[in-house]
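Pasted below: data-v5.cif, mmCIF, C-alpha atoms.
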```
data_data
loop_
_atom_site.label_atom_id
_atom_site.label_comp_id
_atom_site.auth_asym_id
_atom_site.auth_seq_id
_atom_site.Cartn_x
_atom_site.Cartn_y
_atom_site.Cartn_z
CA MET R 1 76.79 116.02 189.89
CA THR R 2 73.79 114.61 191.68
CA ALA R 3 75.28 111.40 193.04
CA GLY R 4 71.92 109.71 193.43
CA ASN R 5 70.84 110.44 189.85
CA ALA R 6 74.17 109.30 188.39
CA ALA R 7 74.13 106.11 190.46
CA THR R 8 70.58 105.41 189.32
CA GLN R 9 71.57 105.91 185.68
CA LEU R 10 74.47 103.48 186.10
CA ARG R 11 72.31 100.90 187.79
CA GLU R 12 69.46 101.09 185.29
CA THR R 13 71.25 101.68 181.96
CA GLY R 14 74.91 100.95 182.67
CA ILE R 15 75.81 104.55 181.73
CA ALA R 16 75.87 107.81 183.68
CA LEU R 17 75.91 111.09 181.75
CA LEU R 18 77.66 113.77 183.81
CA ARG R 19 76.84 117.29 182.62
CA GLY R 20 79.22 120.15 183.37
CA VAL R 21 81.03 118.50 186.27
CA PHE R 22 84.64 118.52 185.05
CA ASP R 23 86.97 121.53 185.35
CA VAL R 24 86.86 123.22 181.95
CA ASP R 25 90.17 125.06 182.42
CA LEU R 26 91.90 121.76 183.19
CA LEU R 27 90.36 120.09 180.14
CA VAL R 28 91.47 123.02 177.96
CA ARG R 29 95.06 122.50 179.16
CA LEU R 30 94.85 118.76 178.51
CA HIS R 31 93.39 119.50 175.08
CA GLY R 32 96.36 121.74 174.27
CA ALA R 33 98.83 119.05 175.33
CA ALA R 34 96.96 116.37 173.36
CA LYS R 35 96.80 118.59 170.28
CA ARG R 36 100.56 119.19 170.40
CA CYS R 37 101.19 115.48 170.95
CA PHE R 38 99.22 114.33 167.92
CA GLU R 39 100.53 117.15 165.75
CA ALA R 40 104.05 115.93 166.53
CA LEU R 41 103.10 112.32 165.77
CA ASP R 42 101.40 113.33 162.52
CA ALA R 43 104.54 115.26 161.57
CA GLY R 44 106.65 112.10 161.90
CA LEU R 45 107.77 112.02 165.54
CA GLN R 46 109.00 108.54 166.42
CA PRO R 47 107.23 107.93 169.72
CA PRO R 48 109.04 106.15 172.55
CA ASP R 49 107.70 102.75 173.57
CA SER R 50 106.34 104.32 176.75
CA TYR R 51 103.64 106.13 174.72
CA ARG R 52 102.22 102.80 173.48
CA PHE R 53 101.18 104.66 170.36
CA ASN R 54 98.51 102.82 168.41
CA ARG R 55 98.82 104.19 164.90
CA ALA R 56 95.61 102.67 163.55
CA GLY R 57 93.55 103.69 166.59
CA HIS R 58 95.48 106.98 166.97
CA SER R 59 95.86 106.73 170.73
CA VAL R 60 98.61 107.13 173.33
CA LEU R 61 98.76 106.66 177.06
CA VAL R 62 97.68 109.72 179.05
CA THR R 63 101.19 109.85 180.54
CA ALA R 64 102.56 110.87 177.11
CA LEU R 65 101.03 114.32 177.63
CA VAL R 66 103.73 115.20 180.18
CA ASP R 67 106.09 115.60 177.22
CA PHE R 68 103.74 118.16 175.66
CA GLY R 69 103.08 120.57 178.51
CA ALA R 70 100.73 118.78 180.91
CA SER R 71 101.95 118.38 184.47
CA SER R 72 101.96 114.93 186.01
CA GLY R 73 99.52 116.21 188.63
CA GLU R 74 97.01 117.21 185.96
CA LEU R 75 96.79 113.78 184.35
CA LEU R 76 94.56 112.26 187.02
CA SER R 77 92.94 115.49 188.20
CA PRO R 78 89.61 114.81 186.43
CA LEU R 79 89.14 111.78 188.69
CA ALA R 80 89.24 114.07 191.74
CA THR R 81 85.96 115.69 190.60
CA ALA R 82 83.53 115.94 193.50
CA GLY R 83 81.22 112.94 193.71
CA LEU R 84 83.10 110.79 191.20
CA ASP R 85 84.89 108.68 193.81
CA ASP R 86 81.62 107.72 195.47
CA LEU R 87 80.00 106.96 192.12
CA ILE R 88 82.81 104.64 191.03
CA GLN R 89 83.13 103.04 194.44
CA GLY R 90 79.43 102.27 194.48
CA ALA R 91 79.54 100.77 191.00
CA LEU R 92 82.58 98.60 191.78
CA ASP R 93 81.33 97.65 195.26
CA GLY R 94 84.37 98.97 197.08
CA PRO R 95 87.71 100.77 196.80
CA TRP R 96 89.11 101.29 193.33
CA ALA R 97 92.27 102.41 191.57
CA CYS R 98 92.90 103.92 188.16
CA SER R 99 95.43 102.11 185.97
CA MET R 100 97.72 104.49 184.11
CA GLU R 101 98.54 101.57 181.81
CA GLN R 102 94.90 101.60 180.68
CA SER R 103 94.27 105.36 180.56
CA TRP R 104 94.33 106.80 177.06
CA VAL R 105 94.21 109.94 174.97
CA ARG R 106 92.55 109.37 171.60
CA LYS R 107 92.20 111.36 168.42
CA LYS R 108 89.27 110.40 166.22
CA PHE R 109 89.09 111.86 162.75
CA ALA R 110 86.01 113.22 161.04
CA PRO R 111 85.32 111.25 157.82
CA ALA R 112 86.58 114.16 155.68
CA PHE R 113 90.09 113.69 157.13
CA THR R 114 90.42 109.91 156.85
CA ALA R 115 90.80 109.39 153.11
CA ASP R 116 94.61 109.27 153.14
CA ARG R 117 95.02 107.52 156.50
CA VAL R 118 95.13 103.89 157.60
CA LEU R 119 92.83 104.12 160.60
CA ALA R 120 90.83 101.55 162.52
CA PHE R 121 87.22 102.55 163.17
CA GLN R 122 86.42 101.63 166.78
CA ASN R 123 83.48 99.35 166.23
CA TRP R 124 81.07 97.80 168.74
CA HIS R 125 82.75 96.31 171.80
CA GLN R 126 82.53 95.97 175.59
CA ASP R 127 85.36 97.23 177.80
CA GLY R 128 84.97 94.15 179.98
CA ALA R 129 86.60 92.23 177.11
CA LEU R 130 89.97 93.75 178.09
CA GLY R 131 92.50 90.93 178.35
CA VAL R 132 89.91 88.23 177.66
CA ARG R 133 90.72 85.28 175.39
CA PHE R 134 87.64 84.48 173.36
CA PRO R 135 86.78 80.94 172.33
CA ALA R 136 86.33 80.22 168.64
CA ALA R 137 82.54 80.11 168.96
CA PRO R 138 80.00 82.14 170.97
CA SER R 139 79.49 81.06 174.58
CA PRO R 140 77.35 82.43 177.42
CA ASP R 141 80.15 81.78 179.92
CA ILE R 142 82.89 84.21 178.82
CA PRO R 143 83.98 86.04 182.01
CA MET R 144 84.36 89.81 181.98
CA THR R 145 87.24 91.83 183.40
CA GLU R 146 86.04 93.94 186.35
CA LEU R 147 86.40 97.62 185.48
CA LEU R 148 84.59 100.90 184.93
CA THR R 149 85.34 103.50 182.27
CA CYS R 150 85.31 107.28 182.70
CA TRP R 151 85.30 108.94 179.27
CA ILE R 152 85.80 112.69 178.92
CA PRO R 153 85.84 114.64 175.64
CA LEU R 154 88.34 117.47 175.43
CA GLN R 155 86.06 119.39 173.07
CA ARG R 156 82.43 119.43 171.96
CA CYS R 157 81.60 116.12 170.28
CA GLY R 158 78.79 114.00 168.90
CA GLY R 159 77.54 116.71 166.58
CA ASP R 160 80.26 118.19 164.36
CA SER R 161 82.97 115.78 165.57
CA PRO R 162 82.97 112.04 166.36
CA GLY R 163 81.38 110.98 169.63
CA LEU R 164 80.26 107.68 171.11
CA GLU R 165 77.23 105.54 170.39
CA PHE R 166 75.85 103.21 173.05
CA ILE R 167 73.36 100.42 173.37
CA ARG R 168 71.86 101.32 176.72
CA GLY R 169 71.59 98.46 179.17
CA ARG R 170 73.90 96.21 181.15
CA GLN R 171 74.61 92.89 179.45
CA ALA R 172 74.77 89.65 181.42
CA SER R 173 77.88 88.46 179.60
CA LEU R 174 80.35 89.31 176.87
CA LEU R 175 79.09 89.08 173.33
CA HIS R 176 81.37 87.06 171.09
CA PHE R 177 83.26 89.02 168.46
CA THR R 178 81.22 87.25 165.78
CA GLU R 179 78.06 88.83 167.26
CA LEU R 180 79.19 92.46 167.14
CA GLY R 181 78.24 93.45 163.60
CA ASP R 182 76.12 96.59 163.47
CA ALA R 183 73.29 94.97 161.50
CA ALA R 184 73.16 91.99 163.87
CA LEU R 185 73.03 94.24 166.94
CA ARG R 186 70.25 96.37 165.44
CA ARG R 187 68.22 93.22 164.93
CA ARG R 188 68.99 92.08 168.46
CA PHE R 189 68.19 95.31 170.34
CA PRO R 190 65.27 97.74 169.93
CA ALA R 191 66.01 101.05 168.24
CA GLU R 192 65.27 103.08 171.39
CA GLN R 193 68.27 101.52 173.19
CA PHE R 194 70.73 103.06 170.70
CA TRP R 195 71.98 106.41 171.98
CA ARG R 196 74.36 109.05 170.59
CA PRO R 197 74.86 111.77 173.20
CA GLU R 198 76.18 115.20 172.23
CA LEU R 199 78.68 116.47 174.81
CA GLU R 200 80.20 119.83 175.69
CA VAL R 201 83.55 120.52 177.33
CA GLY R 202 83.05 119.73 181.01
CA ASP R 203 80.70 116.81 180.34
CA GLY R 204 81.66 113.16 180.67
CA LEU R 205 80.39 109.60 180.70
CA VAL R 206 80.91 106.78 183.16
CA PHE R 207 79.91 103.35 181.97
CA MET R 208 80.00 99.74 183.09
CA LYS R 209 82.15 96.92 181.75
CA SER R 210 79.31 95.19 179.89
CA VAL R 211 77.91 98.19 178.00
CA LEU R 212 78.14 97.94 174.21
CA HIS R 213 79.57 101.05 172.56
CA ARG R 214 81.54 102.29 169.58
CA THR R 215 82.84 105.47 167.96
CA TYR R 216 80.02 107.42 166.33
CA GLU R 217 80.72 109.39 163.18
CA SER R 218 78.67 110.71 160.28
CA PRO R 219 79.63 112.07 156.84
CA GLU R 220 78.52 115.59 157.82
CA MET R 221 81.13 115.90 160.58
CA SER R 222 83.94 118.34 159.81
CA SER R 223 86.05 118.42 163.00
CA ASN R 224 88.32 115.86 164.61
CA ARG R 225 87.91 114.90 168.28
CA LEU R 226 90.29 114.56 171.20
CA SER R 227 89.27 112.69 174.34
CA VAL R 228 90.70 111.06 177.45
CA GLU R 229 89.50 107.91 179.12
CA TYR R 230 90.35 106.38 182.46
CA ARG R 231 89.77 102.80 183.52
CA ALA R 232 89.01 102.11 187.17
CA PHE R 233 89.59 98.65 188.62
CA PRO R 234 88.72 97.19 192.02
CA ALA R 235 91.64 97.95 194.34
#
```
Structure encoded using structure tokens:
Amino acid sequence: MTAGNAATQLRETGIALLRGVFDVDLLVRLHGAAKRCFEALDAGLQPPDSYRFNRAGHSVLVTALVDFGASSGELLSPLATAGLDDLIQGALDGPWACSMEQSWVRKKFAPAFTADRVLAFQNWHQDGALGVRFPAAPSPDIPMTELLTCWIPLQRCGGDSPGLEFIRGRQASLLHFTELGDAALRRRFPAEQFWRPELEVGDGLVFMKSVLHRTYESPEMSSNRLSVEYRAFPA
């Protein structure tokens, strides 16, 4: 990772694309644990409350992976990647801490596998809306929660399996939930700001609290996707 380039990306677009910086062997082990976890859930395992299993979103806390072969030391190891601490510290203007209560493993299904499932498509949102109570009508004064997201796919994604789509650029405030329809956002922002990166194992994304993003899928996709995400908060 070139710290200067990543910091510039964050500052200018709200998103830093990190190519080949994460330990592939570690991600392969986390992928195996995540695969076993969701296979067990799909087979009818009744998850303990500690997993915080979201059936519609198909997500569990990262800590659930300890029950499926990941060591507790491996769970946060991606955040020890060289240069990442400085990048996050610079973006949050000081020391930070990762919340294990807001660090998730997610399985996103390719459209071919969703016909018989009740699943919630992760539509446009901003992570800075975490914990925010929205007023009934749009307002320019909705405060954002201070955080940064580090999103790491556990397999190739964005091509044959679901990835993420972004609207590049840092927003001054939270958009109201009534403003987040895809058609409305495409009228609001120029086409060149919409971005769907294709990622390999070892790649990752760090993005700011105000950045608009959603799950990206297309009918041609034939593979499901596993990913982990960590949320960093000012310490």
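The spacing separating CA of Val66 (chain R) from CA of Thr215 (chain R) amounts to 26.1 Å.
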Residue among R:Met208, R:Leu30, R:Ile167, R:Ala137 lying closest to Ala191 (chain R), counting only C-alpha atoms: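 Between R:Met208, R:Leu30, R:Ile167, R:Ala137, the residue approaching Ala191 (chain R) most closely is R:Ile167.
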Radius query 6 Å about (80.0, 109.2, 167.6), atoms used: only C-alpha atoms, as JSON, numbers by chain: {"R": [158, 162, 163, 164, 165, 215, 216, 217]}
Determine the residue membership of the PyMOL selection byres ((chain R and resi 219) around 9) for the file above and supply it as an mmCIF file with C-alpha atoms, in the frame of the given file.
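File written: expr06.cif
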```
data_model
loop_
_atom_site.group_PDB
_atom_site.id
_atom_site.type_symbol
_atom_site.label_atom_id
_atom_site.label_comp_id
_atom_site.auth_asym_id
_atom_site.auth_seq_id
_atom_site.Cartn_x
_atom_site.Cartn_y
_atom_site.Cartn_z
ATOM 1 C CA ALA R 110 86.010 113.220 161.040
ATOM 2 C CA PRO R 111 85.320 111.250 157.820
ATOM 3 C CA ALA R 112 86.580 114.160 155.680
ATOM 4 C CA GLU R 217 80.720 109.390 163.180
ATOM 5 C CA SER R 218 78.670 110.710 160.280
ATOM 6 C CA GLU R 220 78.520 115.590 157.820
ATOM 7 C CA MET R 221 81.130 115.900 160.580
ATOM 8 C CA SER R 222 83.940 118.340 159.810
#
```
Residues within 12 Å of Asp25 (chain R), all atoms listed in the file, excluding chain neighbours under 3 positions, as a VMD selection string: chain R and resid 21 to 22 28 to 32 74 77 to 78 154 to 155 201 to 202
Selection near region 150-152 of chain R, 9 Å with all atoms listed in the file, sequence-local residues under 6 positions removed, as a ChimeraX atom specification: /R:22,27,78-79,201-207,227-232
Using the chain letters and numbers from this file, what does the PyMOL selection byres ((chain R and resi 86-88) around 12) select? Give the answer as an mmCIF file with C-alpha atoms, in the coordinates of the input.
```cif
data_model
loop_
_atom_site.group_PDB
_atom_site.id
_atom_site.type_symbol
_atom_site.label_atom_id
_atom_site.label_comp_id
_atom_site.auth_asym_id
_atom_site.auth_seq_id
_atom_site.Cartn_x
_atom_site.Cartn_y
_atom_site.Cartn_z
ATOM 1 C CA MET R 1 76.790 116.020 189.890
ATOM 2 C CA THR R 2 73.790 114.610 191.680
ATOM 3 C CA ALA R 3 75.280 111.400 193.040
ATOM 4 C CA GLY R 4 71.920 109.710 193.430
ATOM 5 C CA ASN R 5 70.840 110.440 189.850
ATOM 6 C CA ALA R 6 74.170 109.300 188.390
ATOM 7 C CA ALA R 7 74.130 106.110 190.460
ATOM 8 C CA THR R 8 70.580 105.410 189.320
ATOM 9 C CA GLN R 9 71.570 105.910 185.680
ATOM 10 C CA LEU R 10 74.470 103.480 186.100
ATOM 11 C CA ARG R 11 72.310 100.900 187.790
ATOM 12 C CA ILE R 15 75.810 104.550 181.730
ATOM 13 C CA ALA R 16 75.870 107.810 183.680
ATOM 14 C CA LEU R 17 75.910 111.090 181.750
ATOM 15 C CA LEU R 18 77.660 113.770 183.810
ATOM 16 C CA LEU R 79 89.140 111.780 188.690
ATOM 17 C CA ALA R 80 89.240 114.070 191.740
ATOM 18 C CA THR R 81 85.960 115.690 190.600
ATOM 19 C CA ALA R 82 83.530 115.940 193.500
ATOM 20 C CA GLY R 83 81.220 112.940 193.710
ATOM 21 C CA LEU R 84 83.100 110.790 191.200
ATOM 22 C CA ASP R 85 84.890 108.680 193.810
ATOM 23 C CA GLN R 89 83.130 103.040 194.440
ATOM 24 C CA GLY R 90 79.430 102.270 194.480
ATOM 25 C CA ALA R 91 79.540 100.770 191.000
ATOM 26 C CA LEU R 92 82.580 98.600 191.780
ATOM 27 C CA ASP R 93 81.330 97.650 195.260
ATOM 28 C CA GLY R 94 84.370 98.970 197.080
ATOM 29 C CA PRO R 95 87.710 100.770 196.800
ATOM 30 C CA TRP R 96 89.110 101.290 193.330
ATOM 31 C CA ALA R 97 92.270 102.410 191.570
ATOM 32 C CA CYS R 98 92.900 103.920 188.160
ATOM 33 C CA LEU R 147 86.400 97.620 185.480
ATOM 34 C CA LEU R 148 84.590 100.900 184.930
ATOM 35 C CA THR R 149 85.340 103.500 182.270
ATOM 36 C CA CYS R 150 85.310 107.280 182.700
ATOM 37 C CA LEU R 205 80.390 109.600 180.700
ATOM 38 C CA VAL R 206 80.910 106.780 183.160
ATOM 39 C CA PHE R 207 79.910 103.350 181.970
ATOM 40 C CA MET R 208 80.000 99.740 183.090
ATOM 41 C CA TYR R 230 90.350 106.380 182.460
ATOM 42 C CA ARG R 231 89.770 102.800 183.520
ATOM 43 C CA ALA R 232 89.010 102.110 187.170
ATOM 44 C CA PHE R 233 89.590 98.650 188.620
ATOM 45 C CA PRO R 234 88.720 97.190 192.020
ATOM 46 C CA ALA R 235 91.640 97.950 194.340
#
```
